[in-house]
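S.K.: Sending over a structure as C-alpha cells; questions will come in a sec.
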Amino acid sequence: MPVQNAEIAAMFDQTADLLEIKGENPFRVRAYRRAARTVEGLPQSIRSLLSAEQDLSELPGIGKDLAGKIAEIVKTGHFDLLESLKRKMPGELGDIAGLPGLGPKRVKLLYEKLKVRSLDDLRRAIKGGRLRELRGFGLVMEKKIAKALEKPAAEKRFKLAEAEAEAEALVAYLRNGGRVVVAGSFRRRRDTVGDLDILVTSKHGPRVGDKLVGYDNVAEVLAHGPTRTTVVLRSGIQVDLRAVAEECYGAALMYFTGSKAHNIALRGIANDHKWKLNEYGLFSGKRRIAGATEEEVYKKLGLAYIPPEMREDRGEVALALEDKLPRLITVEDIRGDLHVHSDWTDGTAPIEDMAKAAQACGYEYMALTDHSRRVAMAHGLDPARVAKQIREIDKLNAKLKGFTILKGIEVDILKDGRLDLPDSTLSQLDVVVASVHSFFDLSREAQTDRIIRAMENRHVNIVGHPTGRLIGEREPYDLDMDRLTSAARDLNCCLEINAQPERLDLNDIHAHAAKVKGVKLAVSTDSHTVNSFKYIRYGIDQARRAWLTAEDVVNTRRLADLRKLIKR
DNA sequence: GCCGTTTTCGGCCCGACTGTTTTCAGTCG
C-alpha cells in the first residue's frame, strides 16, 4: 500500500513529539512539525512528485535531510528515526503530552521519575498520590489532569456552519460599541473549527472578559486575565477572547487569525528588517510603524494583502512578496447553481419554486439534477420520468424571464462504474452530474477505477461530491486523488465542490490539487430546499482556500459560455 | 533540521496566563 501524504505527516508529528520530550533542540522539533504541515498541504502526492523526479528539498521547510527521509519512508514504508525513538521511549508519550497542562517538560519528568509510559500508568500515579510530589506539579494540576483522564476531552472540531451559529450569538452578546470580530480558523474559513478566537477593541477590555465569563452558555472558565479570557461553552466549543486597543487592531487581527505558521513566516520577514511583529503592532525598536489595520502591516512588510483564507503558509507569503497572489473567486462571481433537487425526488419544493429561489440569488441559470432511479429512497427518476421532467422544464423555461433551467440529472455511479441511466437518456440533458451513493468501502484501486470509468462516459460533465465524506460522520471513501484529478484533466470532466455544510467536498487541498492540474471545478449547493442556495458561500470559502479564481470555476460563466465549456 | 542581497554558521516569533514558586518555568495559542 503506497504511503499517503497524511501518513508521512503523522510520522513527522510523532517524531516531533518524541524529540521534544527527549529535550532535543526545539528548532529541530519545529522543523519536523513544519515539514509535516507542508507535506499535509501538498496538492500532489509525495509519491507522484518522486516518480516525476521532483526535488523535494525545494518544498518550503524541507531540506536535503528531510527530503531523504521522505524518500526513505515512501520507499520502505518505515521511518528509522521514529522507530529508534520508539524503542527508547514509548510512543504513547505523545498522547500524554496532549493532556491539558502537560507539555514535553512535564511528560519527561513523569516518564523519568515515575516511569509513566501510558495513560493508565498516569492514572495509577495519580491514585497513589505520587504526582503532587513532583517538582512543578501540585494539587491543582493533579486534579486537572485527573479530570481530563476521566472525561477524555472529545478532541472535537465543529463544522464551520455550526461554529458560525455559535459565533453569531456570542458576538451579538459581547457587542459593546467597540469592534467584536471572530478571527482564527473561523476567519480563515476552514471546513472545521476547533475553537472560536474573538478579538475585541475596547477601552474597557477587562470588562469584556468579565462579560464573557457571565455568558449563559459558559460551562467552564479555563483562564481569565485582564486582556485574555478562555472559556468552554456548553456545546463543548472553546472560546478565546482577546482585548486590544484600537491602534493595535490590525496587528492583533493578524495575530489572532493565524495560521500560526503564517504568523511565524511574517515575523521572520519582520526580523529580516530588524523589526518586531507582535499582536500590538509592527515595531522598529520601541516605535510602532504599523498596526492599526492589516493592510498597513502587510504593506509595510512589503507584501500584498493576503486574504485570510490563504494564510496557511502554503506559499502565499512568497507570492505576496512578488505581488502575484491570485484574485480569489467571490460569491458575486457565481452565475448559476449546477446541482439542485426538486420534489420530483428527495427535494422539498417544486421545480418552479427552486428556480425562483435561484433567480432571487441573482443567478442566470440553474441545472435541475434530481436523482436517478437507483437511489430508490429518493424516488430516483427512470428514463420515462426524465422525459416527463424535460417537458415540464420546457414549459417553465417558456414562462421564466431572464432565467434558464438547465435539464440535468444526478446520475448514480453503479458499483462497476457504469451509470444508472442509458446514454439515450443522458444525451438529452444539458448537465449530467455523476455521483457515488453506495459501496463506499471498495478498495482504493476499485473505487478510483469506478469513478474514472464513470467519467469516461462523455455525457458526464461533473463528478458530484467526489470523496463522499460527511464531516464528523463519514470518512471519505478511499481514492487515489492523483489519478482521479489526472483523469478529470485528460477527459475534460469537471469536479464539484459541494457546498453543503456537512460535505464541503472536494476539500480545499484536493480542490487546489485539481486546479494545479488545470481541472475545472463547479461550486454547487446540492440544494434540496429553497433556502439552501445560500450555502453557496461555504463552497466559495473552500474554493478560496484552494486558491481558485473565477476562471477555475465553470459556473461563473454566462450561460452560452458555460454550455461551450462543459461540452465534451 | 532549515535557511541565507547583512550569514554556509548561527540564527531560528512572541506574549499572556497559570501554578508553582519566592522570581519564574511551563504551557498555550
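Each chain in the C-alpha cells gets a letter, A, B and so on, in the order shown; residues start at 1 in every chain, and ligands are counted from 1 in the order they appear.
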Compute the set of chain A residues within 8 Å of chain B, using only C-alpha atoms (C1' of nucleotides), and express it as a PDB file with C-alpha atoms, in the first residue's frame.

M.R.:
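The result, stored in result-v4.pdb:
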```
ATOM      1  CA  PHE A  27      14.182  24.189  16.333  1.00  0.00           C
ATOM      2  CA  ARG A  28      14.780  20.674  15.134  1.00  0.00           C
ATOM      3  CA  VAL A  29      11.417  19.771  16.623  1.00  0.00           C
ATOM      4  CA  ALA A  31      11.439  21.627  11.563  1.00  0.00           C
ATOM      5  CA  TYR A  32       9.622  18.269  11.760  1.00  0.00           C
ATOM      6  CA  GLY A  61      10.718  23.747   5.240  1.00  0.00           C
ATOM      7  CA  ILE A  62      12.144  20.643   3.616  1.00  0.00           C
ATOM      8  CA  GLY A  63      15.879  20.459   3.130  1.00  0.00           C
ATOM      9  CA  ASP A  65      17.931  15.710   5.122  1.00  0.00           C
ATOM     10  CA  LEU A  66      14.140  15.641   5.330  1.00  0.00           C
ATOM     11  CA  GLY A 101      -1.216  21.321  31.432  1.00  0.00           C
ATOM     12  CA  LEU A 102       1.137  18.610  30.281  1.00  0.00           C
ATOM     13  CA  GLY A 103       3.821  19.519  27.800  1.00  0.00           C
ATOM     14  CA  LYS A 105       8.924  19.017  30.066  1.00  0.00           C
ATOM     15  CA  GLY A 136       6.456  21.634  39.077  1.00  0.00           C
ATOM     16  CA  PHE A 137       3.303  19.713  39.903  1.00  0.00           C
ATOM     17  CA  GLY A 138       0.797  20.407  42.629  1.00  0.00           C
ATOM     18  CA  VAL A 140      -4.435  21.788  41.444  1.00  0.00           C
ATOM     19  CA  MET A 141      -2.677  20.318  38.457  1.00  0.00           C
ATOM     20  CA  ALA A 223      -8.312  31.307  32.113  1.00  0.00           C
ATOM     21  CA  HIS A 224      -9.330  34.849  32.878  1.00  0.00           C
ATOM     22  CA  GLY A 225      -6.797  37.668  32.803  1.00  0.00           C
ATOM     23  CA  THR A 227      -6.563  41.022  28.255  1.00  0.00           C
ATOM     24  CA  ARG A 228      -7.273  37.373  27.645  1.00  0.00           C
ATOM     25  CA  ASN A 263       2.411  34.325  11.517  1.00  0.00           C
ATOM     26  CA  ILE A 264       5.813  32.772  12.007  1.00  0.00           C
ATOM     27  CA  ARG A 267       7.591  37.528  11.830  1.00  0.00           C
ATOM     28  CA  GLY A 268      10.570  36.114  10.033  1.00  0.00           C
ATOM     29  CA  LEU A 277       5.920  41.899  14.802  1.00  0.00           C
ATOM     30  CA  ASN A 278       3.572  41.012  17.617  1.00  0.00           C
TER      31      ASN A 278
END
```

S.K.: Give me the residues within 9 Å of region 548-559 of chain A as a CSV table (one decimal) with N, CA and C atoms, in the first residue's frame, counting only C-alpha atoms (C1' of nucleotides) and dropping any in the same chain fewer than 5 places off.

M.R.:
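Final file, part_4.csv:
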```
chain,number,residue,atom,x,y,z
A,326,PRO,N,-3.2,35.2,-6.5
A,326,PRO,CA,-4.4,35.0,-7.4
A,326,PRO,C,-5.5,35.9,-6.9
A,327,ARG,N,-6.4,36.3,-7.8
A,327,ARG,CA,-7.6,37.0,-7.4
A,327,ARG,C,-8.7,36.0,-7.1
A,328,LEU,N,-8.9,35.8,-5.9
A,328,LEU,CA,-9.8,34.7,-5.4
A,328,LEU,C,-11.2,34.9,-5.9
A,329,ILE,N,-11.9,33.9,-6.2
A,329,ILE,CA,-13.3,33.9,-6.5
A,329,ILE,C,-14.1,34.4,-5.4
A,330,THR,N,-15.2,35.1,-5.7
A,330,THR,CA,-16.2,35.6,-4.7
A,330,THR,C,-17.6,35.0,-5.0
A,332,GLU,N,-20.1,36.7,-5.5
A,332,GLU,CA,-20.7,37.5,-6.6
A,332,GLU,C,-20.3,37.0,-8.0
A,333,ASP,N,-19.2,36.2,-8.1
A,333,ASP,CA,-18.8,35.7,-9.4
A,333,ASP,C,-19.7,34.6,-9.9
A,334,ILE,N,-20.5,34.0,-9.0
A,334,ILE,CA,-21.3,32.9,-9.4
A,334,ILE,C,-22.6,33.3,-10.1
A,335,ARG,N,-22.8,32.6,-11.3
A,335,ARG,CA,-23.9,33.0,-12.1
A,335,ARG,C,-25.0,31.9,-12.2
A,336,GLY,N,-24.8,30.8,-11.5
A,336,GLY,CA,-25.8,29.7,-11.5
A,336,GLY,C,-25.4,28.6,-10.7
A,337,ASP,N,-26.3,27.7,-10.3
A,337,ASP,CA,-26.1,26.6,-9.5
A,337,ASP,C,-26.2,25.3,-10.4
A,338,LEU,N,-25.3,24.4,-10.3
A,338,LEU,CA,-25.3,23.2,-11.2
A,338,LEU,C,-25.7,21.9,-10.5
A,364,GLU,N,-28.4,33.5,-13.3
A,364,GLU,CA,-29.0,33.4,-14.7
A,364,GLU,C,-29.5,32.0,-15.0
A,365,TYR,N,-29.0,31.0,-14.3
A,365,TYR,CA,-29.4,29.7,-14.6
A,365,TYR,C,-29.3,28.7,-13.4
A,404,THR,N,-32.8,30.5,-16.9
A,404,THR,CA,-32.9,29.3,-17.6
A,404,THR,C,-32.7,28.1,-16.7
A,494,CYS,N,-15.4,18.0,-15.2
A,494,CYS,CA,-15.3,18.9,-14.0
A,494,CYS,C,-15.5,18.1,-12.7
A,511,ALA,N,-9.2,20.4,-4.0
A,511,ALA,CA,-9.6,21.3,-5.0
A,511,ALA,C,-8.4,22.1,-5.5
A,512,HIS,N,-7.4,22.4,-4.7
A,512,HIS,CA,-6.2,23.1,-5.1
A,512,HIS,C,-5.4,22.2,-6.0
A,515,LYS,N,-7.0,22.2,-9.4
A,515,LYS,CA,-6.7,23.5,-10.1
A,515,LYS,C,-5.3,23.5,-10.7
A,518,GLY,N,-5.1,21.9,-13.8
A,518,GLY,CA,-5.9,22.5,-14.9
A,518,GLY,C,-7.3,22.0,-15.0
A,519,VAL,N,-7.7,21.3,-14.0
A,519,VAL,CA,-9.1,20.8,-13.9
A,519,VAL,C,-10.0,21.9,-13.6
A,520,LYS,N,-11.2,22.0,-14.3
A,520,LYS,CA,-12.2,23.0,-13.9
A,520,LYS,C,-13.1,22.4,-12.9
A,521,LEU,N,-13.6,23.3,-12.0
A,521,LEU,CA,-14.5,22.9,-10.9
A,521,LEU,C,-15.8,23.6,-11.0
A,522,ALA,N,-16.8,23.0,-10.4
A,522,ALA,CA,-18.1,23.6,-10.3
A,522,ALA,C,-18.4,23.7,-8.8
A,523,VAL,N,-18.8,24.9,-8.4
A,523,VAL,CA,-19.2,25.1,-7.0
A,523,VAL,C,-20.7,25.1,-6.9
A,524,SER,N,-21.3,24.1,-6.3
A,524,SER,CA,-22.7,23.9,-6.3
A,524,SER,C,-23.2,23.6,-4.9
A,540,ILE,N,-17.8,28.6,-1.7
A,540,ILE,CA,-16.9,29.6,-2.1
A,540,ILE,C,-15.7,29.7,-1.1
A,542,GLN,N,-14.3,27.4,0.6
A,542,GLN,CA,-13.4,26.3,0.3
A,542,GLN,C,-12.7,26.6,-1.0
A,543,ALA,N,-13.4,27.1,-2.0
A,543,ALA,CA,-12.8,27.4,-3.2
A,543,ALA,C,-11.7,28.4,-3.0
A,564,LYS,N,-20.6,25.9,-23.7
A,564,LYS,CA,-19.4,25.5,-24.5
A,564,LYS,C,-18.3,24.9,-23.7
A,565,LEU,N,-18.2,25.4,-22.5
A,565,LEU,CA,-17.1,25.0,-21.6
A,565,LEU,C,-17.2,23.6,-21.1
A,566,ILE,N,-18.4,23.2,-20.8
A,566,ILE,CA,-18.6,21.8,-20.2
A,566,ILE,C,-18.9,20.8,-21.3
```

S.K.: Fewer than 4 positions away in the same chain doesn't count, so skip those; otherwise give me all residues within 9 Å of Gly472 (chain A), counting only C-alpha atoms (C1' of nucleotides), as a list in words.

M.R.: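 The residues satisfying every condition are Lys156, Arg157, Phe158, Lys159 and Glu502 of chain A.
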
S.K.: CA of Phe440 (chain A) and CA of Glu475 (chain A) are how many Å apart?

M.R.: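 Answer for the CA of Phe440 (chain A) to CA of Glu475 (chain A) separation: 9.4 Å.
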
S.K.: Might you pull out every residue within 9 Å of Gly302 (chain A), with only C-alpha atoms (C1' of nucleotides) counted and same-chain residues fewer than 2 positions away left off, and present them as a ChimeraX atom specification?

M.R.: /A:297-300,304,320-322

S.K.: Write to file, as an mmCIF file, in the first residue's frame, the residues of the selection just made, with N, CA and C atoms.

M.R.:
```cif
data_model
loop_
_atom_site.group_PDB
_atom_site.id
_atom_site.type_symbol
_atom_site.label_atom_id
_atom_site.label_comp_id
_atom_site.auth_asym_id
_atom_site.auth_seq_id
_atom_site.Cartn_x
_atom_site.Cartn_y
_atom_site.Cartn_z
ATOM 1 N N VAL A 297 -0.051 46.723 7.859
ATOM 2 C CA VAL A 297 1.038 45.844 8.288
ATOM 3 C C VAL A 297 1.611 45.078 7.098
ATOM 4 N N TYR A 298 0.719 44.499 6.278
ATOM 5 C CA TYR A 298 1.220 43.767 5.110
ATOM 6 C C TYR A 298 2.034 44.692 4.204
ATOM 7 N N LYS A 299 1.513 45.894 3.993
ATOM 8 C CA LYS A 299 2.179 46.835 3.086
ATOM 9 C C LYS A 299 3.580 47.166 3.598
ATOM 10 N N LYS A 300 3.642 47.456 4.902
ATOM 11 C CA LYS A 300 4.939 47.835 5.484
ATOM 12 C C LYS A 300 5.949 46.686 5.360
ATOM 13 N N ALA A 304 1.775 42.075 -0.595
ATOM 14 C CA ALA A 304 0.392 42.344 -0.977
ATOM 15 C C ALA A 304 -0.510 41.817 0.134
ATOM 16 N N ALA A 320 2.955 36.827 -2.260
ATOM 17 C CA ALA A 320 2.620 38.191 -1.852
ATOM 18 C C ALA A 320 3.835 39.108 -1.969
ATOM 19 N N LEU A 321 5.005 38.559 -1.729
ATOM 20 C CA LEU A 321 6.237 39.343 -1.865
ATOM 21 C C LEU A 321 6.408 39.814 -3.309
ATOM 22 N N GLU A 322 5.991 38.975 -4.246
ATOM 23 C CA GLU A 322 6.129 39.326 -5.664
ATOM 24 C C GLU A 322 4.857 39.956 -6.217
#
```

S.K.: Neighbours of His437 (chain A) within 10 Å (only C-alpha atoms (C1' of nucleotides); same-chain residues fewer than 3 positions away dropped), as a PyMOL selection string?

M.R.: chain A and resi 374-375+411-415+434+440+465+468

S.K.: If we count only C-alpha atoms (C1' of nucleotides) and set the cut-off at 9 Å, which residues sit around Tyr255 (chain A), ignoring sequence neighbours fewer than 2 positions away in its own chain? Please answer as a tab-separated table (two decimals) with C-alpha atoms, in the first residue's frame.

M.R.:
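Output contents, as saved in result31.tsv:
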```tsv
chain	number	residue	atom	x	y	z
A	183	ALA	CA	-10.69	35.51	13.95
A	184	GLY	CA	-8.81	32.20	13.96
A	250	GLY	CA	-4.82	45.26	12.56
A	251	ALA	CA	-1.82	43.57	14.11
A	252	ALA	CA	-3.99	41.82	16.67
A	253	LEU	CA	-6.40	40.65	13.99
A	257	THR	CA	-6.36	34.99	12.59
A	258	GLY	CA	-3.21	32.98	12.06
A	259	SER	CA	-2.43	30.49	10.97
A	260	LYS	CA	0.38	30.06	13.38
A	263	ASN	CA	2.41	34.33	11.52
A	278	ASN	CA	3.57	41.01	17.62
A	279	GLU	CA	-0.13	41.36	18.34
A	280	TYR	CA	0.35	45.03	19.24
```

S.K.: Identify all residues of region 276-414 of chain A in helix (DSSP H, G or I) (DSSP on the backbone) and supply them as a PyMOL selection string.

M.R.: chain A and resi 294-300+308-310+316-321+331-333+351-360+376-378+383-399

S.K.: Give me a file of those residues, with N, CA and C atoms, as a CSV table (one decimal), in the first residue's frame.

M.R.:
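Output file out.csv follows:
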```csv
chain,number,residue,atom,x,y,z
A,294,GLU,N,-4.8,45.6,9.0
A,294,GLU,CA,-4.0,44.6,8.4
A,294,GLU,C,-3.3,45.0,7.2
A,295,GLU,N,-4.0,45.8,6.4
A,295,GLU,CA,-3.5,46.3,5.1
A,295,GLU,C,-2.2,47.0,5.3
A,296,GLU,N,-2.2,47.9,6.4
A,296,GLU,CA,-1.0,48.7,6.7
A,296,GLU,C,0.2,47.8,7.1
A,297,VAL,N,-0.1,46.7,7.9
A,297,VAL,CA,1.0,45.8,8.3
A,297,VAL,C,1.6,45.1,7.1
A,298,TYR,N,0.7,44.5,6.3
A,298,TYR,CA,1.2,43.8,5.1
A,298,TYR,C,2.0,44.7,4.2
A,299,LYS,N,1.5,45.9,4.0
A,299,LYS,CA,2.2,46.8,3.1
A,299,LYS,C,3.6,47.2,3.6
A,300,LYS,N,3.6,47.5,4.9
A,300,LYS,CA,4.9,47.8,5.5
A,300,LYS,C,5.9,46.7,5.4
A,308,PRO,N,-7.5,36.1,4.3
A,308,PRO,CA,-7.4,35.2,5.4
A,308,PRO,C,-7.4,33.7,5.0
A,309,GLU,N,-8.3,33.4,3.9
A,309,GLU,CA,-8.4,32.0,3.5
A,309,GLU,C,-7.1,31.4,3.0
A,310,MET,N,-6.1,32.3,2.6
A,310,MET,CA,-4.9,31.8,2.1
A,310,MET,C,-3.8,31.7,3.1
A,316,GLU,N,1.8,31.3,0.1
A,316,GLU,CA,1.2,32.6,-0.2
A,316,GLU,C,2.1,33.7,0.2
A,317,VAL,N,3.0,33.6,1.1
A,317,VAL,CA,3.9,34.7,1.5
A,317,VAL,C,4.8,35.0,0.4
A,318,ALA,N,5.4,34.0,-0.2
A,318,ALA,CA,6.3,34.2,-1.4
A,318,ALA,C,5.6,34.9,-2.5
A,319,LEU,N,4.3,34.5,-2.8
A,319,LEU,CA,3.6,35.1,-3.9
A,319,LEU,C,3.3,36.6,-3.5
A,320,ALA,N,3.0,36.8,-2.3
A,320,ALA,CA,2.6,38.2,-1.9
A,320,ALA,C,3.8,39.1,-2.0
A,321,LEU,N,5.0,38.6,-1.7
A,321,LEU,CA,6.2,39.3,-1.9
A,321,LEU,C,6.4,39.8,-3.3
A,331,VAL,N,-18.5,35.1,-4.0
A,331,VAL,CA,-19.9,34.7,-4.2
A,331,VAL,C,-20.5,35.4,-5.4
A,332,GLU,N,-20.1,36.7,-5.5
A,332,GLU,CA,-20.7,37.5,-6.6
A,332,GLU,C,-20.3,37.0,-8.0
A,333,ASP,N,-19.2,36.2,-8.1
A,333,ASP,CA,-18.8,35.7,-9.4
A,333,ASP,C,-19.7,34.6,-9.9
A,351,ILE,N,-40.1,22.4,-8.9
A,351,ILE,CA,-39.1,22.9,-9.8
A,351,ILE,C,-39.2,24.4,-9.9
A,352,GLU,N,-40.4,24.9,-10.1
A,352,GLU,CA,-40.6,26.3,-10.3
A,352,GLU,C,-40.1,27.1,-9.1
A,353,ASP,N,-40.4,26.6,-7.9
A,353,ASP,CA,-40.0,27.3,-6.6
A,353,ASP,C,-38.5,27.4,-6.5
A,354,MET,N,-37.9,26.2,-6.9
A,354,MET,CA,-36.4,26.2,-6.8
A,354,MET,C,-35.8,27.2,-7.8
A,355,ALA,N,-36.4,27.3,-9.0
A,355,ALA,CA,-35.9,28.2,-10.0
A,355,ALA,C,-36.1,29.6,-9.5
A,356,LYS,N,-37.2,29.9,-8.9
A,356,LYS,CA,-37.4,31.3,-8.4
A,356,LYS,C,-36.4,31.7,-7.3
A,357,ALA,N,-36.2,30.7,-6.5
A,357,ALA,CA,-35.2,30.9,-5.4
A,357,ALA,C,-33.8,31.2,-5.9
A,358,ALA,N,-33.5,30.4,-7.0
A,358,ALA,CA,-32.2,30.6,-7.6
A,358,ALA,C,-32.1,32.0,-8.3
A,359,GLN,N,-33.2,32.3,-8.9
A,359,GLN,CA,-33.2,33.6,-9.6
A,359,GLN,C,-33.1,34.8,-8.6
A,360,ALA,N,-33.7,34.6,-7.4
A,360,ALA,CA,-33.6,35.6,-6.4
A,360,ALA,C,-32.2,35.8,-5.9
A,376,ALA,N,-33.3,4.7,-4.8
A,376,ALA,CA,-34.7,4.5,-4.7
A,376,ALA,C,-35.3,5.3,-3.5
A,377,MET,N,-34.6,5.4,-2.4
A,377,MET,CA,-35.0,6.1,-1.3
A,377,MET,C,-35.5,7.5,-1.6
A,378,ALA,N,-34.9,8.0,-2.7
A,378,ALA,CA,-35.2,9.4,-3.1
A,378,ALA,C,-36.1,9.4,-4.3
A,383,PRO,N,-35.9,6.6,-17.0
A,383,PRO,CA,-35.9,7.3,-18.3
A,383,PRO,C,-37.3,8.0,-18.6
A,384,ALA,N,-38.4,7.3,-18.3
A,384,ALA,CA,-39.7,7.8,-18.6
A,384,ALA,C,-39.9,9.1,-17.8
A,385,ARG,N,-39.6,9.1,-16.5
A,385,ARG,CA,-39.8,10.3,-15.7
A,385,ARG,C,-38.8,11.4,-16.1
A,386,VAL,N,-37.6,11.0,-16.5
A,386,VAL,CA,-36.7,12.1,-17.0
A,386,VAL,C,-37.4,12.8,-18.2
A,387,ALA,N,-37.9,12.0,-19.1
A,387,ALA,CA,-38.6,12.5,-20.3
A,387,ALA,C,-39.7,13.5,-20.0
A,388,LYS,N,-40.4,13.1,-18.9
A,388,LYS,CA,-41.5,13.9,-18.5
A,388,LYS,C,-41.0,15.2,-17.9
A,389,GLN,N,-40.0,15.1,-17.1
A,389,GLN,CA,-39.4,16.2,-16.4
A,389,GLN,C,-38.9,17.2,-17.5
A,390,ILE,N,-38.3,16.7,-18.6
A,390,ILE,CA,-37.8,17.6,-19.6
A,390,ILE,C,-38.9,18.4,-20.2
A,391,ARG,N,-40.1,17.8,-20.4
A,391,ARG,CA,-41.2,18.5,-21.0
A,391,ARG,C,-41.7,19.6,-20.0
A,392,GLU,N,-41.7,19.3,-18.7
A,392,GLU,CA,-42.0,20.2,-17.7
A,392,GLU,C,-41.1,21.4,-17.7
A,393,ILE,N,-39.8,21.1,-17.8
A,393,ILE,CA,-38.8,22.2,-17.8
A,393,ILE,C,-39.0,23.1,-19.0
A,394,ASP,N,-39.3,22.5,-20.1
A,394,ASP,CA,-39.5,23.3,-21.4
A,394,ASP,C,-40.6,24.3,-21.1
A,395,LYS,N,-41.7,23.8,-20.5
A,395,LYS,CA,-42.8,24.7,-20.2
A,395,LYS,C,-42.4,25.8,-19.3
A,396,LEU,N,-41.7,25.5,-18.2
A,396,LEU,CA,-41.3,26.5,-17.2
A,396,LEU,C,-40.3,27.5,-17.9
A,397,ASN,N,-39.4,27.1,-18.7
A,397,ASN,CA,-38.5,28.0,-19.3
A,397,ASN,C,-39.2,29.0,-20.2
A,398,ALA,N,-40.3,28.5,-20.9
A,398,ALA,CA,-41.1,29.4,-21.7
A,398,ALA,C,-41.7,30.5,-20.9
A,399,LYS,N,-41.9,30.2,-19.6
A,399,LYS,CA,-42.6,31.2,-18.7
A,399,LYS,C,-41.6,32.1,-18.0
```

S.K.: Could you name the residues that touch Asp430 (chain A) at 8 Å or less, counting only C-alpha atoms (C1' of nucleotides), but leaving out those on the same chain fewer than 5 positions away, as an MDAnalysis selection string?

M.R.: chainID A and resid 367 406:408 563

S.K.: Write to file, as an mmCIF file, in the first residue's frame, the residues of the selection just made, with N, CA and C atoms.

M.R.:
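Everything below was put into result35.cif:
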```cif
data_model
loop_
_atom_site.group_PDB
_atom_site.id
_atom_site.type_symbol
_atom_site.label_atom_id
_atom_site.label_comp_id
_atom_site.auth_asym_id
_atom_site.auth_seq_id
_atom_site.Cartn_x
_atom_site.Cartn_y
_atom_site.Cartn_z
ATOM 1 N N ALA A 367 -29.061 24.200 -12.904
ATOM 2 C CA ALA A 367 -29.281 22.889 -13.502
ATOM 3 C C ALA A 367 -30.105 22.083 -12.512
ATOM 4 N N LEU A 406 -31.587 24.503 -16.654
ATOM 5 C CA LEU A 406 -30.901 23.508 -17.476
ATOM 6 C C LEU A 406 -31.426 22.138 -17.116
ATOM 7 N N LYS A 407 -31.590 21.289 -18.131
ATOM 8 C CA LYS A 407 -32.060 19.929 -17.877
ATOM 9 C C LYS A 407 -30.874 19.096 -17.428
ATOM 10 N N GLY A 408 -31.054 18.481 -16.267
ATOM 11 C CA GLY A 408 -29.914 17.730 -15.751
ATOM 12 C C GLY A 408 -30.332 16.510 -14.966
ATOM 13 N N ARG A 563 -22.171 26.456 -21.528
ATOM 14 C CA ARG A 563 -22.515 25.330 -22.410
ATOM 15 C C ARG A 563 -21.296 24.886 -23.211
#
```

S.K.: Measure the distance from CA of Leu400 (chain A) to CA of Arg568 (chain A) in Å and round it to one decimal.

M.R.: 28.0 Å

S.K.: Would you work out the distance separating CA of Val433 (chain A) from CA of Asn461 (chain A), expressed in Å to one decimal?

M.R.: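 Rounded to one decimal, the two atoms are 6.1 Å apart.
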
S.K.: Check the DSSP output for the backbone and give back, as a JSON list (two decimals) with C-alpha atoms, in the first residue's frame, the residues of region 341-520 of chain A in strand (DSSP E).

M.R.:
```json
[["chain", "number", "residue", "atom", "x", "y", "z"],
["A", 365, "TYR", "CA", -29.43, 29.67, -14.60],
["A", 366, "MET", "CA", -29.62, 26.51, -12.54],
["A", 367, "ALA", "CA", -29.28, 22.89, -13.50],
["A", 368, "LEU", "CA", -32.03, 20.70, -12.12],
["A", 404, "THR", "CA", -32.92, 29.28, -17.65],
["A", 405, "ILE", "CA", -33.44, 25.91, -16.05],
["A", 406, "LEU", "CA", -30.90, 23.51, -17.48],
["A", 407, "LYS", "CA", -32.06, 19.93, -17.88],
["A", 408, "GLY", "CA", -29.91, 17.73, -15.75],
["A", 409, "ILE", "CA", -29.58, 14.65, -13.60],
["A", 410, "GLU", "CA", -27.51, 13.48, -10.69],
["A", 411, "VAL", "CA", -26.93, 10.06, -12.14],
["A", 412, "ASP", "CA", -25.83, 7.34, -9.77],
["A", 431, "VAL", "CA", -25.82, 18.86, -17.40],
["A", 432, "VAL", "CA", -25.01, 15.41, -16.08],
["A", 433, "VAL", "CA", -23.62, 15.20, -12.55],
["A", 434, "ALA", "CA", -22.39, 11.69, -11.73],
["A", 435, "SER", "CA", -22.13, 10.70, -8.05],
["A", 462, "ILE", "CA", -19.31, 16.90, -13.43],
["A", 463, "VAL", "CA", -18.45, 14.39, -10.70],
["A", 494, "CYS", "CA", -15.30, 18.90, -14.04],
["A", 495, "LEU", "CA", -15.11, 18.09, -10.34],
["A", 496, "GLU", "CA", -17.57, 19.52, -7.86],
["A", 497, "ILE", "CA", -17.06, 21.48, -4.70],
["A", 498, "ASN", "CA", -20.28, 20.55, -2.96]]
```
